[in-house]
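Undergrad: I'm passing along target03.cif; it holds mmCIF, C-alpha atoms.
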```
data_model
loop_
_atom_site.label_atom_id
_atom_site.label_comp_id
_atom_site.auth_asym_id
_atom_site.auth_seq_id
_atom_site.Cartn_x
_atom_site.Cartn_y
_atom_site.Cartn_z
CA MET A 1047 3.94 3.08 8.02
CA MET A 1048 6.55 1.36 10.18
CA GLY A 1049 6.64 -1.35 7.52
CA PHE A 1050 6.91 1.39 4.87
CA ALA A 1051 9.95 2.89 6.62
CA ALA A 1052 11.61 -0.52 6.92
CA LEU A 1053 11.16 -1.33 3.22
CA VAL A 1054 12.34 2.10 2.05
CA ALA A 1055 15.41 1.80 4.28
CA GLY A 1056 16.08 -1.57 2.66
CA SER A 1057 16.19 0.14 -0.73
CA PHE A 1058 19.03 2.37 0.54
CA ALA A 1059 20.92 -0.58 1.98
CA PHE A 1060 20.53 -2.80 -1.08
CA GLY A 1061 20.88 0.09 -3.53
CA ALA A 1062 24.36 0.77 -2.17
CA LEU A 1063 25.38 -2.70 -3.39
CA ILE A 1064 24.96 -1.84 -7.07
CA GLY A 1065 26.75 1.52 -6.99
CA ASP A 1066 27.15 2.92 -10.52
CA GLN A 1067 26.65 -0.37 -12.34
CA MET A 1068 23.46 0.95 -13.95
CA SER A 1069 22.10 4.45 -14.46
CA PRO A 1070 19.75 5.39 -11.58
CA LEU A 1071 17.16 6.61 -14.07
CA VAL A 1072 17.31 3.27 -15.90
CA VAL A 1073 16.93 1.45 -12.58
CA THR A 1074 13.91 3.64 -11.79
CA ALA A 1075 12.34 2.92 -15.19
CA PHE A 1076 12.80 -0.83 -14.75
CA ARG A 1077 11.50 -0.81 -11.17
CA PHE A 1078 8.31 0.97 -12.27
CA THR A 1079 7.94 -1.34 -15.29
CA ILE A 1080 8.19 -4.48 -13.16
CA THR A 1081 5.80 -2.98 -10.60
CA VAL A 1082 3.28 -2.12 -13.32
CA VAL A 1083 3.38 -5.67 -14.67
CA LEU A 1084 3.06 -7.22 -11.21
CA LEU A 1085 0.20 -4.97 -10.11
CA GLY A 1086 -1.43 -5.23 -13.53
CA VAL A 1087 -1.74 -8.99 -13.12
CA LEU A 1088 -3.21 -8.55 -9.64
CA ALA A 1089 -5.57 -5.78 -10.76
CA TRP A 1090 -6.74 -7.51 -13.96
CA PRO A 1091 -9.83 -9.25 -12.43
CA ALA A 1092 -11.08 -5.92 -11.08
CA LEU A 1093 -10.27 -4.10 -14.32
CA ARG A 1094 -12.27 -6.64 -16.36
CA LYS A 1095 -15.41 -5.88 -14.35
CA GLY A 1096 -15.53 -2.27 -15.42
CA ARG A 1097 -13.56 0.75 -16.43
CA GLU A 1098 -14.93 3.09 -13.77
CA ALA A 1099 -11.51 3.00 -12.10
CA PHE A 1100 -10.10 4.95 -15.03
CA ASN A 1101 -12.53 7.82 -14.78
CA ALA A 1102 -10.55 11.06 -14.63
CA PRO A 1103 -7.27 9.35 -15.60
CA TRP A 1104 -5.41 12.64 -15.10
CA ARG A 1105 -5.46 11.80 -11.38
CA TYR A 1106 -3.06 8.91 -11.88
CA LEU A 1107 -0.66 10.97 -13.94
CA VAL A 1108 -0.60 13.65 -11.23
CA LEU A 1109 -0.18 11.08 -8.44
CA GLY A 1110 2.44 9.11 -10.37
CA ALA A 1111 4.38 12.28 -11.15
CA SER A 1112 4.89 12.87 -7.42
CA PRO A 1113 7.28 9.96 -6.70
CA ALA A 1114 8.64 9.92 -10.26
CA LEU A 1115 9.71 13.57 -10.17
CA TYR A 1116 11.14 13.05 -6.69
CA PHE A 1117 13.50 10.34 -7.99
CA ILE A 1118 14.38 12.32 -11.13
CA PHE A 1119 15.23 15.48 -9.16
CA MET A 1120 17.08 13.44 -6.54
CA PHE A 1121 19.37 11.82 -9.12
CA GLU A 1122 20.04 15.20 -10.71
CA ALA A 1123 20.79 16.72 -7.29
CA LEU A 1124 23.24 13.93 -6.44
CA LYS A 1125 25.46 15.07 -9.33
CA THR A 1126 26.50 18.15 -7.36
CA ALA A 1127 25.36 17.58 -3.75
CA PRO A 1128 26.49 14.99 -1.17
CA ALA A 1129 23.94 12.37 -0.10
CA VAL A 1130 24.23 13.49 3.53
CA SER A 1131 23.07 16.99 2.66
CA LEU A 1132 20.06 15.62 0.82
CA SER A 1133 19.23 13.34 3.75
CA VAL A 1134 19.06 16.39 6.01
CA GLU A 1135 16.74 18.17 3.59
CA PHE A 1136 14.53 15.08 3.46
CA THR A 1137 13.72 15.56 7.16
CA LEU A 1138 11.64 18.56 6.07
CA THR A 1139 9.23 16.26 4.21
CA PRO A 1140 6.70 15.76 7.06
CA LEU A 1141 6.53 19.49 7.72
CA VAL A 1142 5.96 20.26 4.03
CA THR A 1143 3.35 17.48 3.93
CA GLY A 1144 1.64 19.14 6.88
CA VAL A 1145 1.43 22.39 4.92
CA PHE A 1146 -0.11 20.60 1.92
CA GLY A 1147 -2.44 18.69 4.25
CA TYR A 1148 -3.70 21.97 5.66
CA PHE A 1149 -4.44 23.55 2.28
CA LEU A 1150 -5.73 20.45 0.47
CA LEU A 1151 -7.50 18.61 3.30
CA ASN A 1152 -7.93 21.21 6.04
CA GLN A 1153 -5.88 18.99 8.38
CA ILE A 1154 -4.50 21.04 11.28
CA PRO A 1155 -1.78 19.29 13.35
CA THR A 1156 -1.87 19.72 17.12
CA ARG A 1157 1.01 21.11 19.18
CA ARG A 1158 1.81 17.57 20.27
CA VAL A 1159 2.16 16.45 16.67
CA LEU A 1160 4.38 19.45 15.87
CA LEU A 1161 6.54 18.61 18.91
CA ALA A 1162 6.81 15.01 17.69
CA LEU A 1163 7.87 16.26 14.25
CA LEU A 1164 10.58 18.42 15.81
CA ILE A 1165 11.90 15.57 17.95
CA GLY A 1166 11.76 13.13 15.02
CA ALA A 1167 13.65 15.53 12.75
CA LEU A 1168 16.29 16.02 15.45
CA GLY A 1169 16.65 12.25 15.85
CA ALA A 1170 16.92 11.66 12.10
CA VAL A 1171 19.54 14.39 11.68
CA TRP A 1172 21.47 13.02 14.66
CA VAL A 1173 21.62 9.56 13.04
CA ILE A 1174 22.63 11.04 9.68
CA PHE A 1175 25.55 12.98 11.14
CA ARG A 1176 26.40 10.39 13.83
CA GLY A 1177 26.28 13.12 16.46
CA ASP A 1178 29.04 15.14 14.76
CA LEU A 1179 27.82 18.71 15.03
CA SER A 1180 30.79 20.00 13.00
CA GLN A 1181 29.39 18.22 9.94
CA LEU A 1182 25.99 19.79 10.54
CA MET A 1183 27.57 23.24 10.77
CA ALA A 1184 29.32 22.59 7.46
CA PHE A 1185 25.98 22.06 5.71
CA HIS A 1186 25.39 24.59 2.95
CA ILE A 1187 22.79 25.19 0.26
CA GLY A 1188 24.07 24.73 -3.27
CA ARG A 1189 22.55 24.01 -6.69
CA GLY A 1190 22.07 20.33 -5.90
CA GLU A 1191 20.36 21.08 -2.60
CA VAL A 1192 17.95 23.47 -4.30
CA ILE A 1193 17.11 20.88 -6.97
CA PHE A 1194 16.47 18.25 -4.32
CA LEU A 1195 14.26 20.65 -2.38
CA VAL A 1196 11.98 20.86 -5.43
CA GLY A 1197 11.92 17.06 -5.75
CA MET A 1198 11.26 16.60 -2.04
CA THR A 1199 8.31 19.00 -2.32
CA PHE A 1200 6.76 16.77 -4.99
CA TYR A 1201 7.21 13.76 -2.69
CA ALA A 1202 5.65 15.61 0.26
CA LEU A 1203 2.60 16.30 -1.89
CA TYR A 1204 1.93 12.59 -2.50
CA ALA A 1205 0.12 11.63 0.74
CA PRO A 1206 -2.38 14.55 0.71
CA LEU A 1207 -3.04 14.00 -2.99
CA VAL A 1208 -3.85 10.31 -2.46
CA ARG A 1209 -6.51 11.20 0.10
CA ARG A 1210 -7.84 14.04 -2.04
CA LEU A 1211 -8.02 12.14 -5.36
CA LYS A 1212 -8.90 8.60 -4.22
CA ARG A 1213 -12.42 7.55 -5.14
CA ASP A 1214 -13.97 4.10 -4.93
CA GLU A 1215 -11.31 2.23 -6.90
CA PRO A 1216 -10.05 -1.07 -5.45
CA PRO A 1217 -6.69 -0.44 -3.74
CA VAL A 1218 -4.70 -2.66 -6.11
CA VAL A 1219 -6.22 -0.92 -9.16
CA PHE A 1220 -5.49 2.50 -7.69
CA THR A 1221 -1.87 1.58 -6.95
CA PHE A 1222 -1.44 0.01 -10.40
CA ALA A 1223 -2.71 3.15 -12.12
CA ILE A 1224 -0.49 5.42 -10.02
CA THR A 1225 2.59 3.33 -10.84
CA LEU A 1226 1.65 3.41 -14.52
CA GLY A 1227 1.51 7.19 -14.28
CA ALA A 1228 4.94 7.22 -12.60
CA LEU A 1229 6.35 5.09 -15.42
CA VAL A 1230 4.93 7.40 -18.09
CA VAL A 1231 6.57 10.41 -16.41
CA THR A 1232 9.91 8.59 -15.95
CA LEU A 1233 10.37 7.12 -19.44
CA PRO A 1234 11.26 10.36 -21.30
CA PHE A 1235 14.02 11.09 -18.79
CA ALA A 1236 15.37 7.51 -18.83
CA PHE A 1237 15.02 6.88 -22.59
CA LYS A 1238 18.64 7.67 -23.51
CA GLY A 1239 20.00 5.40 -20.78
CA LEU A 1240 17.59 2.61 -21.67
CA VAL A 1241 18.87 2.65 -25.26
CA THR A 1242 22.61 2.94 -24.54
CA THR A 1243 22.94 0.53 -21.57
CA ASP A 1244 24.93 -2.64 -22.25
CA TYR A 1245 22.58 -5.13 -20.60
CA SER A 1246 24.90 -8.09 -21.23
CA ALA A 1247 27.38 -6.53 -18.80
CA VAL A 1248 24.84 -5.98 -16.01
CA PRO A 1249 25.43 -8.51 -13.18
CA LEU A 1250 22.63 -10.50 -11.58
CA THR A 1251 23.11 -8.57 -8.34
CA VAL A 1252 21.82 -5.43 -10.03
CA TRP A 1253 18.69 -7.19 -11.31
CA ALA A 1254 18.10 -8.65 -7.84
CA VAL A 1255 18.19 -5.14 -6.35
CA VAL A 1256 15.92 -3.82 -9.12
CA PHE A 1257 13.46 -6.62 -8.29
CA TYR A 1258 13.54 -5.66 -4.60
CA LEU A 1259 12.93 -2.02 -5.51
CA ALA A 1260 10.02 -2.98 -7.76
CA VAL A 1261 8.25 -5.41 -5.43
CA PHE A 1262 9.02 -4.09 -1.97
CA ALA A 1263 10.14 -0.45 -2.35
CA SER A 1264 7.49 0.37 -4.97
CA ALA A 1265 4.48 -1.98 -5.08
CA ALA A 1266 4.43 -2.68 -1.34
CA THR A 1267 5.27 0.85 -0.16
CA PHE A 1268 2.77 2.48 -2.54
CA SER A 1269 0.09 0.17 -1.16
CA LEU A 1270 1.11 0.78 2.46
CA ILE A 1271 1.20 4.55 2.14
CA GLN A 1272 -2.19 4.50 0.39
CA PHE A 1273 -3.66 2.40 3.23
CA ALA A 1274 -2.21 4.70 5.89
CA THR A 1275 -3.12 7.95 4.13
CA LEU A 1276 -6.81 7.02 4.12
CA ARG A 1277 -6.71 6.42 7.90
CA LEU A 1278 -4.20 8.96 9.29
CA PRO A 1279 -3.57 12.69 8.84
CA SER A 1280 -1.02 13.24 6.07
CA VAL A 1281 1.54 14.78 8.42
CA LYS A 1282 1.46 11.66 10.61
CA VAL A 1283 1.90 9.43 7.61
CA MET A 1284 5.03 11.17 6.41
CA ALA A 1285 6.41 11.62 9.93
CA HIS A 1286 7.25 7.91 9.86
CA THR A 1287 9.98 8.73 7.36
CA TYR A 1288 11.99 9.85 10.39
CA LEU A 1289 12.41 6.15 11.17
CA ILE A 1290 14.22 5.48 7.88
CA PRO A 1291 17.77 6.33 9.13
CA SER A 1292 17.23 4.02 12.11
CA TRP A 1293 16.00 1.24 9.84
CA VAL A 1294 19.05 1.74 7.61
CA ILE A 1295 21.20 1.02 10.67
CA PHE A 1296 19.19 -2.17 11.24
CA TRP A 1297 19.66 -3.29 7.63
CA GLN A 1298 23.39 -2.60 7.82
CA LEU A 1299 23.54 -4.75 10.96
CA VAL A 1300 21.65 -7.59 9.24
CA MET A 1301 24.03 -7.39 6.27
CA GLY A 1302 27.04 -7.66 8.57
CA ASN A 1303 28.28 -4.11 8.04
CA GLY A 1304 28.72 -3.25 11.71
CA GLY A 1305 26.37 -2.32 14.51
CA PRO A 1306 25.18 1.12 15.63
CA THR A 1307 27.33 3.37 17.77
CA ALA A 1308 26.27 5.01 21.01
CA TYR A 1309 25.67 8.21 19.06
CA ASP A 1310 23.43 6.32 16.64
CA MET A 1311 21.33 5.00 19.51
CA ILE A 1312 20.68 8.53 20.77
CA GLY A 1313 19.15 9.40 17.41
CA VAL A 1314 17.17 6.17 17.31
CA ALA A 1315 15.79 6.91 20.80
CA LEU A 1316 14.67 10.36 19.68
CA THR A 1317 12.82 9.00 16.64
CA VAL A 1318 11.14 6.34 18.78
CA LEU A 1319 10.05 9.06 21.25
CA ALA A 1320 8.61 11.06 18.36
CA LEU A 1321 6.69 8.01 17.18
CA VAL A 1322 5.27 7.41 20.67
CA LEU A 1323 4.04 11.01 20.77
CA LEU A 1324 2.39 10.57 17.38
CA LEU A 1325 0.66 7.36 18.41
CA LYS A 1326 -0.71 8.95 21.58
CA THR A 1327 -2.40 11.86 19.84
CA GLN A 1328 -5.34 11.90 17.44
CA GLY A 1329 -4.60 15.33 15.98
#
```
Please express the file's structure as structure tokens.
TA:
Amino acid sequence: MMGFAALVAGSFAFGALIGDQMSPLVVTAFRFTITVVLLGVLAWPALRKGREAFNAPWRYLVLGASPALYFIFMFEALKTAPAVSLSVEFTLTPLVTGVFGYFLLNQIPTRRVLLALLIGALGAVWVIFRGDLSQLMAFHIGRGEVIFLVGMTFYALYAPLVRRLKRDEPPVVFTFAITLGALVVTLPFAFKGLVTTDYSAVPLTVWAVVFYLAVFASAATFSLIQFATLRLPSVKVMAHTYLIPSWVIFWQLVMGNGGPTAYDMIGVALTVLALVLLLKTQG
């Protein structure tokens, strides 16, 4: 999950390079398409041996809808809400995952885990606002924030659903089918953009970022979160998302965009403390 956080943070850092050069929904459709092709090639030997993996195919549509709807709602929310506000809302993801984990899997987090979640959320928010409490006080709930809250809820549901719906499918087949489901859900929303985009004007930088999103921020992260979900309580899995703001700082440093401030390091320290608490407890 630490690797998951690092790769997701890379998608933010690299995604900022392409700005508005391609519709976000079109980017999402292409990233899922490339991921489906890549995983399909890897899963083909297992698929040829039998079709048992596609028993109850509705599972893959439900699982794929979770990240797909998250992206769709996020892009819609960004039309009227600032990214900072949505980042703050995203810190609620582990807590919402914990609620789903309780009802779907009967997973009950210990007090130590809840304390770690609180510290991790505080650290993530601190990094987001760079220690400027006046910005935090200015936070307000608008239409965009409400839309994102719905999308974030779908994302929080993903980890418990993986553990609940996973059967005996090989991991690569399971991930391939989930991504296929995500693509099916995304295509109707991205269809207009896919038809009207002038692909001859799209620079290579955009395609390079799309490739990163497909291989590392989709195929790799879906596999990593599946691996972790089958071995850790869902709330612990999603708690690692608190590390994403700290990893974004690391990526910015690697890309030569300036190092972290002293205020940033306070937030990073809090998220690391939360992670230590999570690693020390089995609940």
Undergrad: List, as a count of residues only, every residue that the PyMOL selection byres ((chain A and resi 1163) around 9) selects in the file provided.
TA: 19
Undergrad: Please expand the PyMOL selection byres ((chain A and resi 1135) around 10) into the concrete residues it hits in this file, giving the result as an MDAnalysis selection string.
TA: chainID A and resid 1129:1134 1136:1139 1171 1187 1191:1192 1194:1195 1198
Undergrad: Write out as a ChimeraX atom specification which residues come within 10 Å of stretch 1076-1092 of chain A when counting all atoms listed in the file, dropping same-chain ones fewer than 2 positions away.
TA: /A:1070-1074,1094-1097,1099,1114,1215-1230,1232-1233,1236,1240,1253,1255-1266
Undergrad: Each residue of stretch 1222-1294 of chain A with at least one atom at most 7 Å from stretch 1049-1056 of chain A should appear once, together with its nearest atom pair and the corresponding distance in Å (one decimal); atoms considered: only C-alpha atoms; ordering: chain, then increasing residue number; output as CSV.
TA:
```
residue,atom,partner,partner_atom,distance
A:Phe1262,CA,A:Leu1053,CA,6.3
A:Ala1263,CA,A:Val1054,CA,5.5
A:Thr1267,CA,A:Phe1050,CA,5.3
A:Leu1270,CA,A:Phe1050,CA,6.3
A:His1286,CA,A:Ala1051,CA,6.6
A:Thr1287,CA,A:Ala1051,CA,5.9
A:Leu1289,CA,A:Ala1051,CA,6.1
A:Ile1290,CA,A:Ala1051,CA,5.2
A:Trp1293,CA,A:Ala1052,CA,5.6
A:Val1294,CA,A:Ala1055,CA,4.9
```
Undergrad: Export, as a short mmCIF file (atom, residue, chain, number, x, y, z; two decimals), keeping the file's coordinate frame, the selected residues with C-alpha atoms.
TA:
```cif
data_model
loop_
_atom_site.label_atom_id
_atom_site.label_comp_id
_atom_site.auth_asym_id
_atom_site.auth_seq_id
_atom_site.Cartn_x
_atom_site.Cartn_y
_atom_site.Cartn_z
CA PHE A 1262 9.02 -4.09 -1.97
CA ALA A 1263 10.14 -0.45 -2.35
CA THR A 1267 5.27 0.85 -0.16
CA LEU A 1270 1.11 0.78 2.46
CA HIS A 1286 7.25 7.91 9.86
CA THR A 1287 9.98 8.73 7.36
CA LEU A 1289 12.41 6.15 11.17
CA ILE A 1290 14.22 5.48 7.88
CA TRP A 1293 16.00 1.24 9.84
CA VAL A 1294 19.05 1.74 7.61
#
```
Undergrad: What is the atom CA of A:Arg1209-atom CA of A:Leu1151 distance in Å, reported with one decimal?
TA: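 Pair atom CA of A:Arg1209 / atom CA of A:Leu1151 returns 8.1 Å.
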